Amino acid sequence: MGVKTVCAAVLLLAFNSSIAGSEGFRVPVSLGELTGTADAVVVGTIASVADCSFTLVAEQTLVGEVEETTIGVEKFRAPATTPRWAEYEDGQRVLLFLERTELPPGEQGSPGWRILGRIGEGEIALEEGYAYFHGRYIDSLPQDYYRFQGQTSYLQRLDRESTLDAVRTYRECFRWVGAQSEERRPMIVCSSDALTAYGDRSPLHESLVEEAREAD
(Lines give C-alpha, C1' and ligand atoms only; values in the text may rest on other atoms or scores of the structure.)
Protein backbone atom coordinates (compact mmCIF):
# COMPACT_ATOMS: atom_id res chain seq x y z
CA MET A 1 0.00 0.00 0.00
CA GLY A 2 1.50 3.35 -1.04
CA VAL A 3 1.84 6.41 1.19
CA LYS A 4 -1.07 8.22 -0.49
CA THR A 5 -3.30 5.14 -0.04
CA VAL A 6 -2.30 4.85 3.62
CA CYS A 7 -2.97 8.54 4.14
CA ALA A 8 -6.38 8.36 2.46
CA ALA A 9 -7.33 5.35 4.59
CA VAL A 10 -6.27 7.11 7.80
CA LEU A 11 -8.18 10.26 6.89
CA LEU A 12 -11.32 8.31 5.98
CA LEU A 13 -11.19 6.32 9.23
CA ALA A 14 -10.80 9.51 11.27
CA PHE A 15 -13.65 11.22 9.40
CA ASN A 16 -16.01 8.27 9.83
CA SER A 17 -15.11 8.04 13.52
CA SER A 18 -15.90 11.72 14.04
CA ILE A 19 -19.33 11.24 12.47
CA ALA A 20 -20.07 8.07 14.43
CA GLY A 21 -18.97 9.62 17.71
CA SER A 22 -20.92 12.87 17.50
CA GLU A 23 -24.12 14.47 16.29
CA GLY A 24 -24.03 17.91 14.68
CA PHE A 25 -21.61 20.55 15.88
CA ARG A 26 -18.68 19.36 17.99
CA VAL A 27 -17.81 21.57 20.94
CA PRO A 28 -14.21 22.77 20.57
CA VAL A 29 -11.63 22.04 23.23
CA SER A 30 -11.12 25.25 25.19
CA LEU A 31 -7.95 27.25 24.70
CA GLY A 32 -7.23 26.79 28.40
CA GLU A 33 -7.40 22.99 28.16
CA LEU A 34 -5.24 22.97 25.02
CA THR A 35 -2.63 25.15 26.71
CA GLY A 36 -2.77 23.30 30.00
CA THR A 37 -2.54 19.76 28.61
CA ALA A 38 -0.42 20.01 25.42
CA ASP A 39 2.97 18.31 25.33
CA ALA A 40 4.22 21.38 23.49
CA VAL A 41 2.90 24.67 22.10
CA VAL A 42 5.02 26.12 19.33
CA VAL A 43 5.15 29.02 16.91
CA GLY A 44 6.55 28.09 13.54
CA THR A 45 6.49 28.27 9.76
CA ILE A 46 5.45 25.41 7.48
CA ALA A 47 8.48 24.49 5.37
CA SER A 48 7.09 21.63 3.26
CA VAL A 49 3.85 19.67 2.89
CA ALA A 50 3.43 15.91 2.32
CA ASP A 51 0.31 13.77 1.89
CA CYS A 52 -0.49 13.23 5.56
CA SER A 53 1.86 15.64 7.31
CA PHE A 54 3.92 18.78 7.06
CA THR A 55 7.33 19.91 8.22
CA LEU A 56 7.37 22.82 10.63
CA VAL A 57 10.34 25.02 11.45
CA ALA A 58 9.79 25.80 15.14
CA GLU A 59 10.72 29.40 15.97
CA GLN A 60 9.39 29.66 19.54
CA THR A 61 8.39 27.04 22.07
CA LEU A 62 5.85 28.60 24.45
CA VAL A 63 4.96 25.48 26.45
CA GLY A 64 6.81 22.18 26.93
CA GLU A 65 9.89 21.08 25.03
CA VAL A 66 10.65 20.44 21.37
CA GLU A 67 14.04 18.82 20.87
CA GLU A 68 14.45 19.59 17.17
CA THR A 69 14.15 22.87 15.29
CA THR A 70 12.40 21.10 12.39
CA ILE A 71 9.57 18.72 13.30
CA GLY A 72 7.06 16.55 11.46
CA VAL A 73 3.39 17.24 12.24
CA GLU A 74 0.31 15.28 11.14
CA LYS A 75 -2.19 17.32 9.15
CA PHE A 76 -5.27 17.95 11.27
CA ARG A 77 -8.07 15.67 10.08
CA ALA A 78 -10.96 18.13 10.33
CA PRO A 79 -14.43 17.01 9.19
CA ALA A 80 -15.84 18.61 6.06
CA THR A 81 -18.21 20.75 8.15
CA THR A 82 -15.29 22.55 9.81
CA PRO A 83 -12.56 22.83 7.17
CA ARG A 84 -9.24 24.51 7.79
CA TRP A 85 -9.17 28.19 6.81
CA ALA A 86 -6.84 27.30 3.88
CA GLU A 87 -5.01 24.30 2.46
CA TYR A 88 -1.66 23.58 4.07
CA GLU A 89 1.03 25.48 2.17
CA ASP A 90 4.69 26.32 2.53
CA GLY A 91 5.26 29.61 4.31
CA GLN A 92 2.17 29.60 6.55
CA ARG A 93 2.91 30.77 10.09
CA VAL A 94 0.97 29.06 12.86
CA LEU A 95 0.66 28.58 16.59
CA LEU A 96 0.18 24.85 17.24
CA PHE A 97 -0.96 22.92 20.33
CA LEU A 98 0.70 19.51 20.02
CA GLU A 99 1.03 16.04 21.48
CA ARG A 100 3.67 13.47 20.57
CA THR A 101 2.68 10.74 18.12
CA GLU A 102 3.99 8.59 15.27
CA LEU A 103 3.96 9.94 11.72
CA PRO A 104 2.30 7.92 8.92
CA PRO A 105 4.58 5.40 7.16
CA GLY A 106 7.01 6.94 4.71
CA GLU A 107 6.68 10.53 5.92
CA GLN A 108 9.53 12.54 7.35
CA GLY A 109 10.09 13.90 10.82
CA SER A 110 11.14 12.46 14.16
CA PRO A 111 9.67 12.59 16.67
CA GLY A 112 6.18 12.99 15.23
CA TRP A 113 3.57 15.40 16.55
CA ARG A 114 -0.23 15.60 16.35
CA ILE A 115 -2.37 18.75 16.57
CA LEU A 116 -4.83 18.72 19.47
CA GLY A 117 -8.49 19.63 19.14
CA ARG A 118 -11.79 18.45 17.67
CA ILE A 119 -12.53 20.88 14.83
CA GLY A 120 -9.20 22.54 14.13
CA GLU A 121 -9.00 24.74 17.23
CA GLY A 122 -5.48 23.47 17.96
CA GLU A 123 -4.15 25.65 15.15
CA ILE A 124 -4.06 29.45 15.33
CA ALA A 125 -3.01 31.25 12.16
CA LEU A 126 -0.44 34.01 12.60
CA GLU A 127 0.50 37.01 10.53
CA GLU A 128 2.50 40.12 11.31
CA GLY A 129 0.82 41.69 14.34
CA TYR A 130 -2.21 39.37 14.58
CA ALA A 131 -3.41 35.94 15.65
CA TYR A 132 -6.58 34.60 13.97
CA PHE A 133 -8.95 32.36 15.93
CA HIS A 134 -10.44 29.62 13.77
CA GLY A 135 -12.77 27.11 15.41
CA ARG A 136 -13.33 29.06 18.64
CA TYR A 137 -15.18 32.13 19.93
CA ILE A 138 -14.06 34.64 22.57
CA ASP A 139 -17.04 36.56 24.04
CA SER A 140 -15.31 39.92 24.34
CA LEU A 141 -13.82 39.96 20.82
CA PRO A 142 -15.73 41.14 17.72
CA GLN A 143 -16.08 38.98 14.61
CA ASP A 144 -15.40 40.30 11.14
CA TYR A 145 -14.17 39.36 7.70
CA TYR A 146 -10.38 39.24 7.58
CA ARG A 147 -8.11 38.42 4.68
CA PHE A 148 -5.01 36.46 5.64
CA GLN A 149 -2.88 33.74 4.08
CA GLY A 150 -4.67 34.23 0.76
CA GLN A 151 -8.19 33.64 2.13
CA THR A 152 -11.05 35.76 3.46
CA SER A 153 -12.70 34.29 6.56
CA TYR A 154 -15.29 35.45 9.10
CA LEU A 155 -13.70 35.03 12.51
CA GLN A 156 -11.96 36.81 15.37
CA ARG A 157 -8.45 38.12 15.71
CA LEU A 158 -6.33 39.54 18.50
CA ASP A 159 -2.99 41.22 18.86
CA ARG A 160 -0.33 38.58 18.21
CA GLU A 161 1.89 39.35 21.19
CA SER A 162 -1.05 39.33 23.61
CA THR A 163 -2.08 35.93 22.29
CA LEU A 164 1.40 34.47 22.64
CA ASP A 165 1.76 35.95 26.13
CA ALA A 166 -1.56 34.44 27.26
CA VAL A 167 -0.35 31.00 26.20
CA ARG A 168 3.27 31.38 27.36
CA THR A 169 2.34 32.46 30.91
CA TYR A 170 -0.85 30.38 31.30
CA ARG A 171 0.69 27.65 33.45
CA GLU A 172 1.95 30.22 35.95
CA CYS A 173 -1.66 30.66 37.11
CA PHE A 174 -3.51 27.51 36.01
CA ARG A 175 -3.08 23.76 36.18
CA TRP A 176 -5.41 21.20 34.63
CA VAL A 177 -6.46 18.21 36.73
CA GLY A 178 -8.37 15.04 35.80
CA ALA A 179 -7.29 12.00 33.81
CA GLN A 180 -9.94 12.08 31.08
CA SER A 181 -10.98 14.95 28.83
CA GLU A 182 -14.57 14.88 30.13
CA GLU A 183 -13.30 15.14 33.73
CA ARG A 184 -10.54 17.68 33.21
CA ARG A 185 -10.88 21.11 34.73
CA PRO A 186 -8.59 24.08 35.38
CA MET A 187 -7.34 24.85 38.87
CA ILE A 188 -6.12 28.31 39.86
CA VAL A 189 -2.61 28.02 41.36
CA CYS A 190 -1.45 31.65 41.61
CA SER A 191 -2.33 34.43 44.07
CA SER A 192 -5.41 36.61 43.59
CA ASP A 193 -3.19 39.57 42.72
CA ALA A 194 -1.32 37.58 40.09
CA LEU A 195 -4.62 36.29 38.70
CA THR A 196 -5.99 39.83 38.41
CA ALA A 197 -2.80 41.03 36.73
CA TYR A 198 -2.99 38.14 34.25
CA GLY A 199 -6.62 38.83 33.38
CA ASP A 200 -6.01 42.55 32.85
CA ARG A 201 -3.55 41.98 29.98
CA SER A 202 -6.09 41.34 27.18
CA PRO A 203 -9.59 40.02 26.44
CA LEU A 204 -8.05 36.59 25.84
CA HIS A 205 -6.31 36.57 29.20
CA GLU A 206 -9.57 37.58 30.87
CA SER A 207 -11.53 34.81 29.11
CA LEU A 208 -9.03 32.24 30.40
CA VAL A 209 -9.44 33.59 33.94
CA GLU A 210 -13.23 33.37 33.65
CA GLU A 211 -13.03 29.80 32.38
CA ALA A 212 -11.03 28.78 35.44
CA ARG A 213 -13.29 30.66 37.85
CA GLU A 214 -16.39 28.99 36.44
CA ALA A 215 -14.81 25.56 36.84
CA ASP A 216 -13.58 26.23 40.39
# chains A, B, ... in the order shown; residues from 1 in each chain; ligands from 1
>>> residues_around(residues="Glu127 of chain A", least_positions_apart="2", cutoff="9 Å", atoms="only C-alpha atoms", output="MDAnalysis selection string")
chainID A and resid 92:94 125 129:132 148:149 160
>>> write_last_selection(atoms="N, CA and C atoms", output="mmCIF file, in the first residue's frame")
data_model
loop_
_atom_site.group_PDB
_atom_site.id
_atom_site.type_symbol
_atom_site.label_atom_id
_atom_site.label_comp_id
_atom_site.auth_asym_id
_atom_site.auth_seq_id
_atom_site.Cartn_x
_atom_site.Cartn_y
_atom_site.Cartn_z
ATOM 1 N N GLN A 92 3.191 29.223 5.572
ATOM 2 C CA GLN A 92 2.172 29.604 6.549
ATOM 3 C C GLN A 92 2.775 29.627 7.949
ATOM 4 N N ARG A 93 2.438 30.665 8.706
ATOM 5 C CA ARG A 93 2.911 30.773 10.091
ATOM 6 C C ARG A 93 1.750 30.422 11.021
ATOM 7 N N VAL A 94 2.033 29.585 12.007
ATOM 8 C CA VAL A 94 0.970 29.060 12.865
ATOM 9 C C VAL A 94 1.451 28.921 14.299
ATOM 10 N N ALA A 125 -3.775 30.644 13.247
ATOM 11 C CA ALA A 125 -3.014 31.252 12.160
ATOM 12 C C ALA A 125 -2.392 32.563 12.624
ATOM 13 N N GLY A 129 1.649 40.878 13.455
ATOM 14 C CA GLY A 129 0.819 41.688 14.342
ATOM 15 C C GLY A 129 -0.448 41.039 14.837
ATOM 16 N N TYR A 130 -0.907 39.937 14.215
ATOM 17 C CA TYR A 130 -2.206 39.372 14.579
ATOM 18 C C TYR A 130 -2.174 37.859 14.720
ATOM 19 N N ALA A 131 -3.110 37.361 15.548
ATOM 20 C CA ALA A 131 -3.414 35.937 15.648
ATOM 21 C C ALA A 131 -4.890 35.773 15.308
ATOM 22 N N TYR A 132 -5.215 34.801 14.454
ATOM 23 C CA TYR A 132 -6.581 34.601 13.971
ATOM 24 C C TYR A 132 -7.163 33.335 14.583
ATOM 25 N N PHE A 148 -6.340 36.864 5.194
ATOM 26 C CA PHE A 148 -5.011 36.455 5.640
ATOM 27 C C PHE A 148 -4.664 35.145 4.980
ATOM 28 N N GLN A 149 -3.395 34.952 4.712
ATOM 29 C CA GLN A 149 -2.879 33.737 4.077
ATOM 30 C C GLN A 149 -3.658 33.385 2.810
ATOM 31 N N ARG A 160 -1.170 39.781 18.185
ATOM 32 C CA ARG A 160 -0.332 38.576 18.209
ATOM 33 C C ARG A 160 0.423 38.417 19.522
#
>>> select_by_dssp(residues="segment 7-180 of chain A", states="strand (DSSP E or B)", output="JSON, numbers by chain")
{"A": [40, 41, 42, 43, 44, 45, 46, 47, 48, 49, 53, 54, 55, 56, 57, 58, 59, 60, 61, 62, 63, 64, 70, 71, 72, 73, 74, 93, 94, 95, 96, 97, 98, 99, 100, 101, 112, 113, 114, 115, 123, 124, 125, 126, 127, 130, 131, 132, 133, 144, 145, 146, 147, 148, 151, 152, 153, 154, 155, 156, 157, 158, 159, 174, 175, 176, 177]}
>>> residues_around(residues="Glu214 of chain A", least_positions_apart="4", cutoff="10 Å", atoms="only C-alpha atoms", output="list in words")
Arg185, Pro186, Val209 and Glu210 of chain A
>>> residues_around(residues="Thr169 of chain A", least_positions_apart="4", cutoff="10 Å", atoms="only C-alpha atoms", output="ChimeraX atom specification")
/A:35,62-63,164-165,173-174,198,205
>>> write_last_selection(atoms="N, CA, C and O atoms", output="short mmCIF file (atom, residue, chain, number, x, y, z; two decimals), in the first residue's frame")
data_model
loop_
_atom_site.label_atom_id
_atom_site.label_comp_id
_atom_site.auth_asym_id
_atom_site.auth_seq_id
_atom_site.Cartn_x
_atom_site.Cartn_y
_atom_site.Cartn_z
N THR A 35 -3.88 24.61 26.17
CA THR A 35 -2.63 25.15 26.71
C THR A 35 -2.16 24.37 27.93
O THR A 35 -0.97 24.14 28.11
N LEU A 62 6.50 27.87 23.37
CA LEU A 62 5.85 28.60 24.45
C LEU A 62 5.57 27.70 25.65
O LEU A 62 5.56 28.18 26.79
N VAL A 63 5.29 26.43 25.40
CA VAL A 63 4.96 25.48 26.45
C VAL A 63 5.66 24.16 26.13
O VAL A 63 5.71 23.74 24.96
N LEU A 164 0.25 35.30 22.26
CA LEU A 164 1.40 34.47 22.64
C LEU A 164 1.69 34.58 24.14
O LEU A 164 2.03 33.59 24.79
N ASP A 165 1.53 35.78 24.69
CA ASP A 165 1.76 35.95 26.13
C ASP A 165 0.74 35.16 26.95
O ASP A 165 1.10 34.55 27.97
N CYS A 173 -0.46 30.44 36.30
CA CYS A 173 -1.66 30.66 37.11
C CYS A 173 -2.65 29.49 37.09
O CYS A 173 -3.54 29.45 37.95
N PHE A 174 -2.49 28.57 36.15
CA PHE A 174 -3.51 27.51 36.01
C PHE A 174 -2.85 26.14 35.81
O PHE A 174 -1.83 26.02 35.16
N TYR A 198 -2.92 38.95 35.46
CA TYR A 198 -2.99 38.14 34.25
C TYR A 198 -4.23 38.51 33.44
O TYR A 198 -4.15 38.76 32.23
N HIS A 205 -6.72 36.89 27.83
CA HIS A 205 -6.31 36.57 29.20
C HIS A 205 -7.53 36.51 30.13
O HIS A 205 -7.67 35.59 30.94
#
>>> residues_around(residues="Glu121 of chain A", least_positions_apart="6", cutoff="8 Å", atoms="only C-alpha atoms", output="PDB file with N, CA, C and O atoms, in the first residue's frame")
ATOM      1  N   PRO A  28     -15.676  22.732  20.606  1.00  0.00           N
ATOM      2  CA  PRO A  28     -14.212  22.771  20.568  1.00  0.00           C
ATOM      3  C   PRO A  28     -13.600  22.621  21.948  1.00  0.00           C
ATOM      4  O   PRO A  28     -14.199  22.975  22.960  1.00  0.00           O
ATOM      5  N   VAL A  29     -12.391  22.085  21.991  1.00  0.00           N
ATOM      6  CA  VAL A  29     -11.632  22.044  23.233  1.00  0.00           C
ATOM      7  C   VAL A  29     -11.234  23.479  23.564  1.00  0.00           C
ATOM      8  O   VAL A  29     -10.787  24.227  22.693  1.00  0.00           O
ATOM      9  N   LEU A  31      -9.343  26.836  24.826  1.00  0.00           N
ATOM     10  CA  LEU A  31      -7.951  27.253  24.703  1.00  0.00           C
ATOM     11  C   LEU A  31      -7.192  26.957  25.992  1.00  0.00           C
ATOM     12  O   LEU A  31      -6.017  26.579  25.962  1.00  0.00           O
ATOM     13  N   PHE A 133      -8.337  33.479  15.221  1.00  0.00           N
ATOM     14  CA  PHE A 133      -8.955  32.363  15.931  1.00  0.00           C
ATOM     15  C   PHE A 133      -9.961  31.655  15.033  1.00  0.00           C
ATOM     16  O   PHE A 133     -11.044  32.168  14.754  1.00  0.00           O
ATOM     17  N   HIS A 134      -9.593  30.457  14.613  1.00  0.00           N
ATOM     18  CA  HIS A 134     -10.442  29.619  13.773  1.00  0.00           C
ATOM     19  C   HIS A 134     -10.925  28.448  14.623  1.00  0.00           C
ATOM     20  O   HIS A 134     -10.126  27.783  15.270  1.00  0.00           O
ATOM     21  N   GLY A 135     -12.245  28.237  14.655  1.00  0.00           N
ATOM     22  CA  GLY A 135     -12.767  27.114  15.413  1.00  0.00           C
ATOM     23  C   GLY A 135     -13.026  27.414  16.877  1.00  0.00           C
ATOM     24  O   GLY A 135     -13.236  26.502  17.665  1.00  0.00           O
ATOM     25  N   ARG A 136     -13.004  28.695  17.256  1.00  0.00           N
ATOM     26  CA  ARG A 136     -13.325  29.063  18.640  1.00  0.00           C
ATOM     27  C   ARG A 136     -13.934  30.458  18.651  1.00  0.00           C
ATOM     28  O   ARG A 136     -13.853  31.202  17.667  1.00  0.00           O
TER      29      ARG A 136
END
>>> closest_residue(among="A:Ser191, A:Thr70, A:Thr55, A:Gln156", to="Tyr137 of chain A", atoms="only C-alpha atoms")
A:Gln156
>>> closest_residue(among="A:Thr101, A:Ser202, A:Thr61, A:Gln151", to="Ile138 of chain A", atoms="only C-alpha atoms")
A:Ser202
>>> atom_distance(atom1="atom CA of Val167 of chain A", atom2="atom CA of Ile188 of chain A")
15.1 Å
